[in-house]
Protein chains: 2
Amino acid sequence: MQPINRTNLADSAAESLRAEIISGRWGVGDRIPNETVLTELLSVSRGTVREAVRVLVSQGLLDTRQGSGTYVRSTVDPAGALDRVKRAGLRDQWEARAALDVEAARLAAIRHTPADLERMTRLLKARGTVTDNGFEAFGQRDIAFHKSIVEASGNRAIVGLYDFFTASILETIHSTLKGDLPEPDEEAHAAIVTAIATGDPDRAAASVRAFMAPVLRELDRLLSQ
Amino acid sequence: MQPINRTNLADSAAESLRAEIISGRWGVGDRIPNETVLTELLSVSRGTVREAVRVLVSQGLLDTRQGSGTYVRSTVDPAGALDRVKRAGLRDQWEARAALDVEAARLAAIRHTPADLERMTRLLKARGTVTDNGFEAFGQRDIAFHKSIVEASGNRAIVGLYDFFTASILETIHSTLKGDLPEPDEEAHAAIVTAIATGDPDRAAASVRAFMAPVLRELDRLLSQ
DNA sequence: TTAATAAAATCATCCGATGACTTGATGAGC
DNA sequence: GCTCATCAAGTCATCGGATGATTTTATTAA
């Protein structure tokens, strides 16, 4: 049931332009053909060319200067890569976040400060049970706890990515699943904190991995139905 | 000095739409006003509205369906997440990428196909030495090899993230360091492939971790100077 | 040579028109 | 009453042309 390749001319045009840039045929600083020429090269209208160009401008690949032309700003494509991440699907995103979680715990075991530990412990205690203040609030508290672990890793890039995935996954899960993923019990949560507190990175990583495995298995089962 | 606020109508329009989404006034799944109405609301032409909408579509915030309308796809601002991660600095980015590398190798050990193994082996052989075709070309071949490992993980989200970091790191490293990071020898590279081939996830992960450790140490040393 | 001016090139924006697709309503047939 | 084909309205997709704003280049005068 894949409608497949709902192909936009503007998207295709953007891909063509991106290919020219990534391949290096258009180097940094080069002025690319003007809109009229691109219209002929790509066989699309000028409006479509402009939409394609503007997408690449918004991603930092191109730069337009009124009266002068359109120039290549960068040949690398970080925004495009992140965009692909967004479209990767719930399972892959969940697995990627779990991977970050595992490595974050490893780092946290090495780098955590007493304040980090105190915070994790406090948030775990505040987490409570599902019945307190409704499902939504519980989800928030659960997320806060997990985030405190990631923050203890001291790596801002990992924290940023974790936030990104958490928000993205939350959205998807609300619209596709009905929130019936298994929730590990308090004991499993506490085990992570304990492992980090011991300062053993392997043990910390393993505890998170063990924590995530059954959830990921259940997610697989739900999505394969 | 700064003409600043070189105000594109299309960019301003995109910002207005983004504000509606981020603020939550337009929720996920909502259909936003059609192009004609947006033309009136924003006081710009329909072409400009389309350019603004397409930018947000390319960023994953909106979703257009011909014949039906334009819908809010996500309230997560990938540009914001991207900015935070980019600001995280070279060291954190490198460490985050290494973390992904480790977990990707773990998954690759479990999921790799014979074609994946063949590809990794071929790329490792093609990688050669620094002296072949200059430093730049060697870097490309090295990246291609490492990416083949990540791709063998079968997780598109991780692949996307890896691309993101690779592109971002390359940009930074060219401008800050002088490219004098230690490069693990061929033996270390081959060890990763062997570990993945055995299908032992722990061994695969450990091999990548061992691979990355000295590089990260040296990066720390260089950045602390 | 230098500075002011004019002309050309280019992107920015607007407008109108047609096509393609989706959705909901309508109505015939059972 | 129910099903299904048909139709009409709504919406995005694409096209083409026209005008304005800005930059760059060429020209001209001092």
# chains A, B, ... in the order shown; residues from 1 in each chain; ligands from 1
$ residues_around --residues "B:Val215" --least-positions-apart "3" --cutoff "9 Å" --atoms "only C-alpha atoms (C1' of nucleotides)" --output "PyMOL selection string"
chain B and resi 181-184+211-212+218-220
$ calpha_fit_rmsd --fixed "chain B" --moving "chain A"
5.0 Å
$ interface_residues --of "chain D" --to "chain A" --cutoff "6 Å" --atoms "only C-alpha atoms (C1' of nucleotides)" --output "list in words"
DC15, DT22 and DT23 of chain D
$ write_last_selection --atoms "N, CA and C atoms (P, O5', C5', C4', C3', O3' and C1' of nucleotides)" --output "JSON list (two decimals), in the first residue's frame"
[["chain", "number", "residue", "atom", "x", "y", "z"],
["D", 15, "DC", "P", 6.17, 23.02, -15.32],
["D", 15, "DC", "O5'", 5.43, 24.18, -16.13],
["D", 15, "DC", "C5'", 4.37, 23.84, -17.01],
["D", 15, "DC", "C4'", 3.63, 25.09, -17.46],
["D", 15, "DC", "C3'", 4.53, 26.18, -18.02],
["D", 15, "DC", "O3'", 4.43, 26.22, -19.44],
["D", 15, "DC", "C1'", 2.80, 27.05, -16.59],
["D", 22, "DT", "P", 15.55, 47.69, -3.76],
["D", 22, "DT", "O5'", 16.86, 47.03, -4.37],
["D", 22, "DT", "C5'", 17.03, 45.61, -4.27],
["D", 22, "DT", "C4'", 18.16, 45.18, -5.15],
["D", 22, "DT", "C3'", 19.44, 46.02, -5.01],
["D", 22, "DT", "O3'", 20.42, 45.22, -4.37],
["D", 22, "DT", "C1'", 18.96, 45.45, -7.28],
["D", 23, "DT", "P", 21.89, 45.77, -4.03],
["D", 23, "DT", "O5'", 22.73, 45.18, -5.25],
["D", 23, "DT", "C5'", 22.66, 43.78, -5.53],
["D", 23, "DT", "C4'", 23.32, 43.47, -6.86],
["D", 23, "DT", "C3'", 24.75, 43.98, -6.99],
["D", 23, "DT", "O3'", 25.59, 42.88, -7.29],
["D", 23, "DT", "C1'", 23.47, 44.55, -8.90]]
$ interface_residues --of "chain C" --to "chain A" --cutoff "9 Å" --atoms "only C-alpha atoms (C1' of nucleotides)" --output "PyMOL selection string"
chain C and resi 9-12
$ residues_around --residues "B:Ala204" --least-positions-apart "2" --cutoff "6 Å" --atoms "only C-alpha atoms (C1' of nucleotides)" --output "compact mmCIF listing (two decimals) with C-alpha atoms, in the first residue's frame"
# COMPACT_ATOMS: atom_id res chain seq x y z
CA ALA B 105 28.53 -1.79 14.03
CA ARG B 106 26.58 -3.70 16.65
CA ALA B 195 34.17 -8.57 13.84
CA ILE B 196 31.00 -7.73 11.94
CA PRO B 201 27.50 -7.63 18.15
CA ASP B 202 29.57 -7.10 21.29
CA ALA B 206 34.14 -3.19 20.92
CA SER B 207 36.28 -3.11 17.79
$ decode --residues "chain C" --atoms "C-alpha atoms (C1' of nucleotides)" --output "mmCIF file, in the first residue's frame"
data_model
loop_
_atom_site.group_PDB
_atom_site.id
_atom_site.type_symbol
_atom_site.label_atom_id
_atom_site.label_comp_id
_atom_site.auth_asym_id
_atom_site.auth_seq_id
_atom_site.Cartn_x
_atom_site.Cartn_y
_atom_site.Cartn_z
ATOM 1 C "C1'" DT C 1 42.072 58.659 -14.814
ATOM 2 C "C1'" DT C 2 37.985 59.248 -12.447
ATOM 3 C "C1'" DA C 3 33.277 59.825 -11.561
ATOM 4 C "C1'" DA C 4 28.664 59.998 -13.017
ATOM 5 C "C1'" DT C 5 25.334 57.893 -15.906
ATOM 6 C "C1'" DA C 6 23.062 54.547 -18.683
ATOM 7 C "C1'" DA C 7 22.227 49.931 -19.976
ATOM 8 C "C1'" DA C 8 22.043 45.093 -19.262
ATOM 9 C "C1'" DA C 9 21.495 41.104 -16.410
ATOM 10 C "C1'" DT C 10 19.291 38.887 -12.694
ATOM 11 C "C1'" DC C 11 16.416 37.821 -8.977
ATOM 12 C "C1'" DA C 12 11.773 39.267 -6.517
ATOM 13 C "C1'" DT C 13 7.123 39.607 -6.885
ATOM 14 C "C1'" DC C 14 2.709 39.680 -8.795
ATOM 15 C "C1'" DC C 15 -1.229 38.085 -11.731
ATOM 16 C "C1'" DG C 16 -3.965 34.969 -14.378
ATOM 17 C "C1'" DA C 17 -4.953 30.476 -16.444
ATOM 18 C "C1'" DT C 18 -5.087 25.476 -16.899
ATOM 19 C "C1'" DG C 19 -4.296 20.773 -15.318
ATOM 20 C "C1'" DA C 20 -4.389 17.028 -11.816
ATOM 21 C "C1'" DC C 21 -5.980 15.150 -7.832
ATOM 22 C "C1'" DT C 22 -9.037 14.561 -3.694
ATOM 23 C "C1'" DT C 23 -13.188 14.775 -1.460
ATOM 24 C "C1'" DG C 24 -17.907 14.891 -0.659
ATOM 25 C "C1'" DA C 25 -22.503 15.039 -2.628
ATOM 26 C "C1'" DT C 26 -25.811 13.260 -5.770
ATOM 27 C "C1'" DG C 27 -28.634 10.008 -7.700
ATOM 28 C "C1'" DA C 28 -29.632 5.693 -10.123
ATOM 29 C "C1'" DG C 29 -30.135 0.943 -9.577
ATOM 30 C "C1'" DC C 30 -30.721 -2.991 -6.647
#
